[in-house]
Protein chains: 2
Amino acid sequence: MELTERKKKILRAVVESYIETAEPVGSKALAQLAGLKVSSATIRNDLADLTERGYLEQPHTSAGRVPSPKGYRLYVNELMEEQRLSLEETRQINDALHLKMQELDKVIGQAGRMVSQLTNYPAFAMAEGVRRLTIKRFDLILVDSASFIAVVMTDSSVVKNKLFRLPADLSEPQLQLLTTLLNTAFVGKTLDQLTPELMRVAEHAAGGSYGLISLVVSFAMEVLDSLENSAVYTAGASHILDHPEYQDVGKAQKLMSYLSEDRSLAQALALPALNGDDTKILIGPENVADELKDTSVVLASYDIGDGMKGVIGVVGPTRMDYAKVAAKLSYVADGLSKLFGQPELPPGTPEKEE
Amino acid sequence: MELTERKKKILRAVVESYIETAEPVGSKALAQLAGLKVSSATIRNDLADLTERGYLEQPHTSAGRVPSPKGYRLYVNELMEEQRLSLEETRQINDALHLKMQELDKVIGQAGRMVSQLTNYPAFAMAEGVRRLTIKRFDLILVDSASFIAVVMTDSSVVKNKLFRLPADLSEPQLQLLTTLLNTAFVGKTLDQLTPELMRVAEHAAGGSYGLISLVVSFAMEVLDSLENSAVYTAGASHILDHPEYQDVGKAQKLMSYLSEDRSLAQALALPALNGDDTKILIGPENVADELKDTSVVLASYDIGDGMKGVIGVVGPTRMDYAKVAAKLSYVADGLSKLFGQPELPPGTPEKEE
DNA sequence: TCTTAGCACTCGTCCTGCCTGAGTGCTAAA
DNA sequence: TTTAGCACTCAGGCAGGACGAGTGCTAAGA
């Protein structure tokens, strides 16, 4: 059976008041609040009903009501009004995004920090390859007779380099030979196609050149690997101490140490995000990870292009200002998508990638 | 007037017991502890004296004694026995250091994380150029007609690259010309010698090539800048919640947010470290920053070579296990110095730098 | 002169019981 | 269906008392 209009109104008022004050809210307060023209007694009846149906909870007999996860869920699905960001806020975000574009990974970390600062909750951000990347080209630059720089570029246009020093001499022609060899044998291959077998063959073709092929290819493999399983950036973990639900140091510590374990966080968050479209809200027990059972997570995904996707999100108590957080997060995510989506530049301004 | 042997022994016992238990320690407990063959009454007399001289403090009349910053200072200077690390511990550190050497900045961040984990206190690490760096060489690699990769190498053998995309065509000879120009005009110059003036002249010599010179040189300047003013890496801030002195959320939050402000931390720490020789211990009020007045900092510096120095340290309550922390820290710092100091490699194993 | 035992005293902590006020559920009337 | 009224519950705050750890002082002993 559906809830009456008034009950929905009451539920919404409870949620919003609790989000603001973090205090259980009672019938009298509700009567004054919100455009309800009924008495507190009536509200009490409705509250009793909402509690029975599981939308609200009572910390103890003589306290007010608090939304349950189910209540938050209904609120988020049906009652919440989408929040518009103020001009001021959008300007602030835009400025931050366009400030200084750096390497891919730095941008992502930066975005996480920004979101955390914007929302006052801990935030995280990650990128993830959804397809297998390959190396697009190799270049070797001779520095002096005992060292050279290897530059590899992936088909997602990420460029990385590394300086190699050798115990023996090296000449320009030698290096050119190696470059050709590398480019013919290893370009276009995914990480698991770069087998030791393949490397042995190429090494043989090169003749006894100190295993240089293997060195450079190993480096290329590292690059591919790090791009495909890229890290999680967390920021603003200390913000959890701002919220009264974490006055209990034990709780705070538990969440905090969970947040600093990159791996589990990545696992816990990657799953729900993958099939998500725009923003996704996970309330308390809806989270898979035990450590997050009384915590909510708001996620937004963005496109990096070139087969990479990203997720950015914040973590906070179930009493979170979902409307505001979701609005900010999706605005930032859109900004990131646009940023990565248009590599065309105004003449004279270079686009950068590592 | 000097302290008697027995009083020193007592002071030391107080400090060590307090470090371990975080509880004020009383005369009776002291009598049993430590090889003192005197009664608790005698100890009481000595405690009274030590308190009067400012080495100890009394939280309230009927509590035990707690070391004052002055007491800790004496302990650290004279009474503390240097702690030897166990074989197990040194092995652990060595493994971690040699695990997977990456770019300079990643190594430093990694070392910070390691120290934090090792000591259970928040840790930080930074590197700092003490001399002005210069660019050693430029290389430009043509990718396709509308994009190229610039590779710059500094005289400290750090290599960085960036992909540039252009709105117009580009040819191999053009690029070669530019490379020569860059290498003749800008190699060996420090950051502030790379004036706009100089760039204009070179630009002119290149003829109308879309301001490419400026683009590449700006990039080189960014590289120099980021190397000379490199960031502070903090790790394990959540560890402060492990210690009873930060059960008070307010305190914890204050310190925490201070730790996440990279800038102030860098300033506060760079000064004492610069003239420090090996390890340096700053106890409570000895810290310059107000936020650290009831916090201790243990620092160790290491050499990166090539005109760069680094500092690594931990932050914790004044009741910190100075002996252990100092030992671990200085071992890690030594390890880092060695790591950076010997770029000679066993044949076949490449040394890496970004 | 230094050390020790004894003792009165201080003071924080813990426990208890009491009171207050917010908020509830129920009932009966409008 | 709504409202007013009323008895009931329960957390939080406060005061008072018992407890115990630890002190400082004094007087006796080495």
# chains A, B, ... in the order shown; residues from 1 in each chain; ligands from 1
>>> interface_residues(of="chain B", to="chain C", cutoff="10 Å", atoms="only C-alpha atoms (C1' of nucleotides)", output="VMD selection string")
chain B and resid 38 to 42 60 to 63
>>> interface_residues(of="chain D", to="chain A", cutoff="8 Å", atoms="only C-alpha atoms (C1' of nucleotides)", output="PDB file with C-alpha atoms (C1' of nucleotides), in the first residue's frame")
ATOM      1  C1'  DT D   2      -8.119  14.949  13.544  1.00  0.00           C
ATOM      2  C1'  DT D   3      -7.203  16.846  17.938  1.00  0.00           C
ATOM      3  C1'  DT D   9       9.254   5.950  29.469  1.00  0.00           C
ATOM      4  C1'  DC D  10      13.847   6.890  29.331  1.00  0.00           C
TER       5       DC D  10
END
>>> residues_around(residues="A:Ala123", least_positions_apart="2", cutoff="6 Å", atoms="only C-alpha atoms (C1' of nucleotides)", output="number ranges by chain")
A: 112, 116, 234-235, 313-314
>>> atom_distance(atom1="atom CA of B:Ser171", atom2="atom CA of A:Ser156")
22.7 Å
>>> closest_residue(among="A:Leu133, A:Val216, A:Ala127, A:Ala202", to="chain B", atoms="only C-alpha atoms")
A:Val216
>>> closest_residue(among="B:Gly335, B:Gly316, B:Gly341, B:Pro244", to="chain A", atoms="only C-alpha atoms")
B:Pro244
>>> atom_distance(atom1="atom CA of A:Leu87", atom2="atom CA of A:Tyr331")
12.2 Å
>>> residues_around(residues="B:Leu85", least_positions_apart="3", cutoff="8 Å", atoms="only C-alpha atoms (C1' of nucleotides)", output="number ranges by chain")
B: 88-90, 324, 327-328
>>> closest_residue(among="A:Gly236, A:Gly188, A:Gly307, A:Pro285", to="chain B", atoms="only C-alpha atoms")
A:Gly236
>>> select_by_dssp(residues="stretch 15-180 of chain A", states="strand (DSSP E or B)", output="PyMOL selection string")
chain A and resi 25+56-57+65-67+123-129+134-144+147-154+159-165
>>> write_last_selection(atoms="N, CA and C atoms", output="CSV table (one decimal), in the first residue's frame")
chain,number,residue,atom,x,y,z
A,25,VAL,N,14.4,13.6,15.5
A,25,VAL,CA,13.4,14.7,15.4
A,25,VAL,C,12.1,14.2,15.8
A,56,LEU,N,11.4,4.5,9.4
A,56,LEU,CA,12.1,5.3,10.5
A,56,LEU,C,12.5,4.4,11.6
A,57,GLU,N,13.3,4.9,12.5
A,57,GLU,CA,13.8,4.1,13.6
A,57,GLU,C,13.8,5.0,14.9
A,65,ARG,N,12.5,10.5,16.1
A,65,ARG,CA,12.7,9.4,15.0
A,65,ARG,C,13.9,9.8,14.2
A,66,VAL,N,14.5,8.8,13.6
A,66,VAL,CA,15.7,8.9,12.8
A,66,VAL,C,15.4,8.0,11.5
A,67,PRO,N,15.8,8.5,10.4
A,67,PRO,CA,15.5,7.7,9.2
A,67,PRO,C,16.3,6.4,9.2
A,123,ALA,N,36.9,11.7,-0.1
A,123,ALA,CA,36.6,11.4,-1.5
A,123,ALA,C,37.6,10.5,-2.1
A,124,PHE,N,37.3,9.9,-3.2
A,124,PHE,CA,38.3,9.0,-3.8
A,124,PHE,C,38.0,9.1,-5.3
A,125,ALA,N,39.0,8.8,-6.1
A,125,ALA,CA,38.8,8.8,-7.5
A,125,ALA,C,39.7,7.7,-8.1
A,126,MET,N,39.2,7.1,-9.2
A,126,MET,CA,40.1,6.1,-9.8
A,126,MET,C,39.8,6.1,-11.3
A,127,ALA,N,40.7,5.6,-12.1
A,127,ALA,CA,40.5,5.4,-13.5
A,127,ALA,C,40.7,3.9,-13.7
A,128,GLU,N,40.2,3.4,-14.8
A,128,GLU,CA,40.3,2.0,-15.0
A,128,GLU,C,40.2,1.7,-16.5
A,129,GLY,N,41.1,0.9,-16.9
A,129,GLY,CA,41.0,0.5,-18.3
A,129,GLY,C,39.9,-0.5,-18.5
A,134,THR,N,47.7,-1.3,-25.8
A,134,THR,CA,48.9,-1.8,-26.4
A,134,THR,C,49.9,-0.7,-26.6
A,135,ILE,N,51.2,-1.1,-26.9
A,135,ILE,CA,52.2,-0.1,-27.2
A,135,ILE,C,52.1,0.4,-28.6
A,136,LYS,N,52.2,1.7,-28.9
A,136,LYS,CA,52.0,2.2,-30.2
A,136,LYS,C,53.4,2.4,-30.9
A,137,ARG,N,54.4,2.8,-30.1
A,137,ARG,CA,55.7,3.0,-30.7
A,137,ARG,C,56.8,3.0,-29.6
A,138,PHE,N,58.0,2.7,-30.0
A,138,PHE,CA,59.1,2.8,-29.1
A,138,PHE,C,60.1,3.8,-29.7
A,139,ASP,N,60.8,4.5,-28.9
A,139,ASP,CA,61.9,5.3,-29.4
A,139,ASP,C,63.1,5.2,-28.4
A,140,LEU,N,64.3,5.1,-28.9
A,140,LEU,CA,65.4,5.0,-28.0
A,140,LEU,C,66.3,6.2,-28.3
A,141,ILE,N,66.7,6.9,-27.3
A,141,ILE,CA,67.6,8.1,-27.5
A,141,ILE,C,68.9,7.9,-26.8
A,142,LEU,N,70.0,8.0,-27.5
A,142,LEU,CA,71.3,7.8,-27.0
A,142,LEU,C,71.7,9.0,-26.2
A,143,VAL,N,72.1,8.8,-24.9
A,143,VAL,CA,72.6,10.0,-24.1
A,143,VAL,C,74.1,10.1,-24.2
A,144,ASP,N,74.7,9.0,-23.7
A,144,ASP,CA,76.2,8.9,-24.0
A,144,ASP,C,76.5,7.5,-24.2
A,147,SER,N,74.6,5.1,-21.6
A,147,SER,CA,73.2,5.3,-21.2
A,147,SER,C,72.3,5.7,-22.3
A,148,PHE,N,71.0,5.3,-22.2
A,148,PHE,CA,70.1,5.8,-23.2
A,148,PHE,C,68.7,5.9,-22.6
A,149,ILE,N,67.8,6.7,-23.2
A,149,ILE,CA,66.5,6.8,-22.7
A,149,ILE,C,65.5,6.1,-23.6
A,150,ALA,N,64.6,5.3,-23.0
A,150,ALA,CA,63.6,4.6,-23.8
A,150,ALA,C,62.3,5.4,-23.6
A,151,VAL,N,61.6,5.6,-24.7
A,151,VAL,CA,60.3,6.3,-24.7
A,151,VAL,C,59.3,5.4,-25.3
A,152,VAL,N,58.3,5.1,-24.5
A,152,VAL,CA,57.2,4.3,-25.1
A,152,VAL,C,55.9,5.1,-25.1
A,153,MET,N,55.1,4.8,-26.1
A,153,MET,CA,53.9,5.5,-26.2
A,153,MET,C,52.8,4.5,-26.4
A,154,THR,N,51.7,4.6,-25.7
A,154,THR,CA,50.6,3.6,-25.8
A,154,THR,C,49.6,4.1,-26.8
A,159,VAL,N,52.5,8.7,-22.8
A,159,VAL,CA,53.9,8.5,-23.1
A,159,VAL,C,54.7,8.4,-21.8
A,160,LYS,N,55.5,7.5,-21.7
A,160,LYS,CA,56.4,7.3,-20.5
A,160,LYS,C,57.8,7.1,-21.0
A,161,ASN,N,58.7,7.5,-20.1
A,161,ASN,CA,60.1,7.2,-20.5
A,161,ASN,C,60.9,6.7,-19.3
A,162,LYS,N,62.1,6.2,-19.6
A,162,LYS,CA,62.9,5.8,-18.5
A,162,LYS,C,64.4,5.8,-19.0
A,163,LEU,N,65.3,6.2,-18.0
A,163,LEU,CA,66.7,6.2,-18.4
A,163,LEU,C,67.3,4.9,-18.0
A,164,PHE,N,68.1,4.4,-18.9
A,164,PHE,CA,68.8,3.1,-18.6
A,164,PHE,C,70.3,3.4,-18.7
A,165,ARG,N,71.0,2.8,-17.7
A,165,ARG,CA,72.5,3.0,-17.7
A,165,ARG,C,73.0,1.6,-17.8
>>> atom_distance(atom1="atom CA of A:Ala231", atom2="atom CA of A:Asp303")
16.5 Å
>>> closest_residue(among="A:Gln58, A:Gln253, A:Ser330, A:Asn120", to="chain B", atoms="only C-alpha atoms")
A:Gln253
>>> closest_residue(among="B:Thr279, B:Thr195, B:Thr179, B:Gln247", to="chain A", atoms="only C-alpha atoms")
B:Gln247
>>> select_by_dssp(residues="stretch 121-317 of chain B", states="helix (DSSP H, G or I)", output="short mmCIF file (atom, residue, chain, number, x, y, z; two decimals) with N, CA and C atoms, in the first residue's frame")
data_model
loop_
_atom_site.label_atom_id
_atom_site.label_comp_id
_atom_site.auth_asym_id
_atom_site.auth_seq_id
_atom_site.Cartn_x
_atom_site.Cartn_y
_atom_site.Cartn_z
N GLU B 172 59.78 16.25 -40.27
CA GLU B 172 60.99 15.77 -39.59
C GLU B 172 62.11 16.80 -39.62
N PRO B 173 62.43 17.38 -40.79
CA PRO B 173 63.53 18.38 -40.82
C PRO B 173 63.25 19.57 -39.93
N GLN B 174 61.98 20.03 -39.95
CA GLN B 174 61.60 21.15 -39.09
C GLN B 174 61.94 20.84 -37.64
N LEU B 175 61.55 19.64 -37.25
CA LEU B 175 61.73 19.23 -35.87
C LEU B 175 63.21 19.16 -35.52
N GLN B 176 64.01 18.70 -36.46
CA GLN B 176 65.44 18.59 -36.22
C GLN B 176 66.06 19.96 -36.02
N LEU B 177 65.58 20.87 -36.81
CA LEU B 177 66.06 22.24 -36.67
C LEU B 177 65.75 22.76 -35.27
N LEU B 178 64.51 22.55 -34.88
CA LEU B 178 64.09 23.00 -33.55
C LEU B 178 64.94 22.37 -32.46
N THR B 179 65.18 21.09 -32.59
CA THR B 179 65.96 20.39 -31.58
C THR B 179 67.33 21.04 -31.43
N THR B 180 67.98 21.27 -32.55
CA THR B 180 69.31 21.89 -32.51
C THR B 180 69.24 23.25 -31.83
N LEU B 181 68.23 23.99 -32.21
CA LEU B 181 68.07 25.32 -31.64
C LEU B 181 67.90 25.26 -30.14
N LEU B 182 67.04 24.39 -29.72
CA LEU B 182 66.79 24.25 -28.29
C LEU B 182 68.07 23.89 -27.56
N ASN B 183 68.78 22.93 -28.12
CA ASN B 183 69.98 22.44 -27.44
C ASN B 183 71.10 23.48 -27.39
N THR B 184 71.14 24.34 -28.39
CA THR B 184 72.19 25.35 -28.33
C THR B 184 71.80 26.51 -27.43
N ALA B 185 70.52 26.89 -27.46
CA ALA B 185 70.14 28.10 -26.75
C ALA B 185 69.79 27.89 -25.28
N PHE B 186 69.30 26.74 -24.91
CA PHE B 186 68.73 26.63 -23.56
C PHE B 186 69.41 25.63 -22.64
N LEU B 191 66.62 27.89 -14.01
CA LEU B 191 65.23 28.31 -14.21
C LEU B 191 65.11 29.81 -14.47
N ASP B 192 65.80 30.62 -13.67
CA ASP B 192 65.57 32.06 -13.87
C ASP B 192 66.42 32.65 -14.99
N GLN B 193 67.31 31.84 -15.55
CA GLN B 193 68.02 32.32 -16.73
C GLN B 193 67.20 32.10 -18.01
N PRO B 196 61.98 35.30 -20.83
CA PRO B 196 61.12 35.49 -22.00
C PRO B 196 61.94 36.10 -23.15
N GLU B 197 62.87 36.96 -22.77
CA GLU B 197 63.77 37.61 -23.72
C GLU B 197 64.48 36.56 -24.59
N LEU B 198 65.11 35.64 -23.88
CA LEU B 198 65.85 34.56 -24.52
C LEU B 198 64.95 33.77 -25.46
N MET B 199 63.74 33.52 -24.98
CA MET B 199 62.81 32.74 -25.76
C MET B 199 62.42 33.49 -27.03
N ARG B 200 62.27 34.78 -26.89
CA ARG B 200 61.87 35.56 -28.06
C ARG B 200 62.95 35.49 -29.14
N VAL B 201 64.17 35.62 -28.70
CA VAL B 201 65.28 35.56 -29.65
C VAL B 201 65.30 34.22 -30.39
N ALA B 202 65.19 33.15 -29.61
CA ALA B 202 65.24 31.82 -30.23
C ALA B 202 64.06 31.62 -31.16
N GLU B 203 62.92 32.07 -30.71
CA GLU B 203 61.71 31.97 -31.51
C GLU B 203 61.91 32.64 -32.87
N HIS B 204 62.55 33.76 -32.80
CA HIS B 204 62.81 34.52 -34.01
C HIS B 204 63.72 33.74 -34.95
N ALA B 205 64.77 33.17 -34.37
CA ALA B 205 65.73 32.39 -35.16
C ALA B 205 65.04 31.20 -35.83
N ALA B 206 64.02 30.67 -35.17
CA ALA B 206 63.34 29.50 -35.71
C ALA B 206 62.43 29.86 -36.87
N LEU B 212 56.56 27.09 -31.14
CA LEU B 212 56.90 25.78 -30.57
C LEU B 212 58.00 25.87 -29.53
N ILE B 213 58.97 26.73 -29.81
CA ILE B 213 60.07 26.89 -28.87
C ILE B 213 59.53 27.21 -27.48
N SER B 214 58.65 28.20 -27.44
CA SER B 214 58.11 28.60 -26.14
C SER B 214 57.39 27.44 -25.45
N LEU B 215 56.65 26.69 -26.25
CA LEU B 215 55.92 25.57 -25.66
C LEU B 215 56.87 24.61 -24.97
N VAL B 216 57.89 24.22 -25.70
CA VAL B 216 58.80 23.22 -25.15
C VAL B 216 59.59 23.79 -23.98
N VAL B 217 60.01 25.02 -24.11
CA VAL B 217 60.79 25.60 -23.02
C VAL B 217 59.92 25.78 -21.77
N SER B 218 58.66 26.17 -21.97
CA SER B 218 57.77 26.28 -20.81
C SER B 218 57.67 24.93 -20.10
N PHE B 219 57.56 23.91 -20.90
CA PHE B 219 57.50 22.58 -20.31
C PHE B 219 58.76 22.30 -19.50
N ALA B 220 59.90 22.61 -20.08
CA ALA B 220 61.17 22.40 -19.38
C ALA B 220 61.20 23.19 -18.08
N MET B 221 60.65 24.38 -18.13
CA MET B 221 60.63 25.19 -16.93
C MET B 221 59.76 24.57 -15.84
N GLU B 222 58.63 24.04 -16.27
CA GLU B 222 57.76 23.34 -15.32
C GLU B 222 58.52 22.20 -14.65
N VAL B 223 59.26 21.47 -15.45
CA VAL B 223 59.99 20.34 -14.91
C VAL B 223 60.99 20.80 -13.87
N LEU B 224 61.76 21.80 -14.21
CA LEU B 224 62.76 22.31 -13.26
C LEU B 224 62.08 22.79 -11.99
N ASP B 225 61.00 23.52 -12.20
CA ASP B 225 60.29 24.07 -11.05
C ASP B 225 59.81 22.96 -10.13
N SER B 226 59.19 21.94 -10.71
CA SER B 226 58.61 20.91 -9.85
C SER B 226 59.71 20.12 -9.15
N LEU B 227 60.88 20.02 -9.78
CA LEU B 227 61.97 19.29 -9.12
C LEU B 227 62.56 20.10 -7.98
N GLU B 228 62.66 21.40 -8.19
CA GLU B 228 63.29 22.21 -7.16
C GLU B 228 62.40 22.45 -5.96
N ALA B 237 48.32 9.22 8.25
CA ALA B 237 47.78 10.19 9.20
C ALA B 237 46.80 9.52 10.17
N SER B 238 46.15 8.48 9.69
CA SER B 238 45.13 7.85 10.55
C SER B 238 45.76 7.19 11.77
N HIS B 239 47.05 7.00 11.73
CA HIS B 239 47.70 6.37 12.89
C HIS B 239 47.59 7.19 14.16
N ILE B 240 47.37 8.47 14.03
CA ILE B 240 47.31 9.23 15.27
C ILE B 240 46.15 8.78 16.14
N LEU B 241 45.13 8.22 15.51
CA LEU B 241 44.01 7.75 16.31
C LEU B 241 44.36 6.53 17.16
N ASP B 242 45.48 5.91 16.86
CA ASP B 242 45.88 4.73 17.64
C ASP B 242 46.32 5.11 19.05
N PRO B 244 46.44 7.02 22.69
CA PRO B 244 45.45 7.53 23.64
C PRO B 244 45.43 9.04 23.77
N GLU B 245 46.56 9.72 23.50
CA GLU B 245 46.51 11.17 23.65
C GLU B 245 45.59 11.82 22.63
N TYR B 246 45.20 11.07 21.62
CA TYR B 246 44.31 11.66 20.64
C TYR B 246 42.92 11.03 20.67
N VAL B 249 38.70 13.81 20.07
CA VAL B 249 38.56 14.01 18.63
C VAL B 249 39.02 15.41 18.20
N GLY B 250 38.74 16.37 19.04
CA GLY B 250 39.14 17.74 18.70
C GLY B 250 40.64 17.82 18.43
N LYS B 251 41.41 17.30 19.36
CA LYS B 251 42.86 17.32 19.20
C LYS B 251 43.29 16.59 17.94
N ALA B 252 42.74 15.41 17.77
CA ALA B 252 43.12 14.60 16.62
C ALA B 252 42.85 15.37 15.34
N GLN B 253 41.71 16.00 15.30
CA GLN B 253 41.33 16.69 14.08
C GLN B 253 42.27 17.85 13.77
N LYS B 254 42.62 18.55 14.82
CA LYS B 254 43.53 19.68 14.65
C LYS B 254 44.85 19.22 14.01
N LEU B 255 45.43 18.21 14.61
CA LEU B 255 46.71 17.73 14.11
C LEU B 255 46.54 17.19 12.69
N MET B 256 45.49 16.45 12.51
CA MET B 256 45.22 15.83 11.22
C MET B 256 45.14 16.88 10.12
N SER B 257 44.40 17.92 10.37
CA SER B 257 44.23 18.88 9.29
C SER B 257 45.53 19.65 9.08
N TYR B 258 46.30 19.78 10.14
CA TYR B 258 47.61 20.40 9.95
C TYR B 258 48.47 19.53 9.05
N LEU B 259 48.41 18.25 9.30
CA LEU B 259 49.24 17.34 8.50
C LEU B 259 48.83 17.33 7.03
N SER B 260 47.58 17.61 6.77
CA SER B 260 47.20 17.54 5.36
C SER B 260 47.45 18.85 4.61
N ASP B 262 50.01 20.56 3.07
CA ASP B 262 51.40 20.30 2.68
C ASP B 262 52.31 21.49 2.92
N ARG B 263 51.80 22.64 2.58
CA ARG B 263 52.70 23.78 2.56
C ARG B 263 53.28 24.11 3.94
N SER B 264 52.36 24.27 4.89
CA SER B 264 52.85 24.68 6.21
C SER B 264 53.78 23.62 6.79
N LEU B 265 53.47 22.38 6.50
CA LEU B 265 54.31 21.32 7.00
C LEU B 265 55.72 21.46 6.44
N ALA B 266 55.78 21.68 5.15
CA ALA B 266 57.08 21.81 4.51
C ALA B 266 57.89 22.94 5.14
N GLN B 267 57.23 24.07 5.31
CA GLN B 267 57.91 25.20 5.91
C GLN B 267 58.41 24.89 7.30
N ALA B 268 57.51 24.31 8.09
CA ALA B 268 57.84 24.05 9.49
C ALA B 268 59.01 23.10 9.62
N LEU B 269 59.16 22.22 8.65
CA LEU B 269 60.14 21.17 8.82
C LEU B 269 61.44 21.43 8.10
N ALA B 270 61.37 22.17 7.04
CA ALA B 270 62.57 22.38 6.25
C ALA B 270 63.64 23.07 7.09
N LEU B 271 63.27 24.04 7.82
CA LEU B 271 64.23 24.82 8.58
C LEU B 271 65.09 23.99 9.52
N PRO B 272 64.49 23.31 10.48
CA PRO B 272 65.34 22.58 11.41
C PRO B 272 66.18 21.52 10.72
N ALA B 273 65.68 21.00 9.61
CA ALA B 273 66.37 19.88 8.99
C ALA B 273 67.62 20.32 8.26
N LEU B 274 67.60 21.51 7.72
CA LEU B 274 68.69 21.91 6.84
C LEU B 274 70.06 21.84 7.47
N GLY B 284 57.69 18.70 21.60
CA GLY B 284 56.61 19.61 21.98
C GLY B 284 56.91 21.05 21.63
N PRO B 285 57.03 21.89 22.65
CA PRO B 285 57.18 23.32 22.42
C PRO B 285 58.43 23.71 21.63
N GLU B 286 59.34 22.79 21.43
CA GLU B 286 60.51 23.13 20.61
C GLU B 286 60.13 23.32 19.15
N ASP B 290 52.73 26.43 15.84
CA ASP B 290 51.83 26.36 16.99
C ASP B 290 51.10 25.03 17.08
N GLU B 291 50.70 24.53 15.93
CA GLU B 291 49.90 23.31 15.92
C GLU B 291 50.69 22.11 16.42
N LEU B 292 51.98 22.24 16.47
CA LEU B 292 52.81 21.10 16.88
C LEU B 292 53.33 21.27 18.30
#
>>> closest_residue(among="A:Glu261, A:Asp334, A:Glu2, A:Asp294", to="chain B", atoms="only C-alpha atoms")
A:Glu261
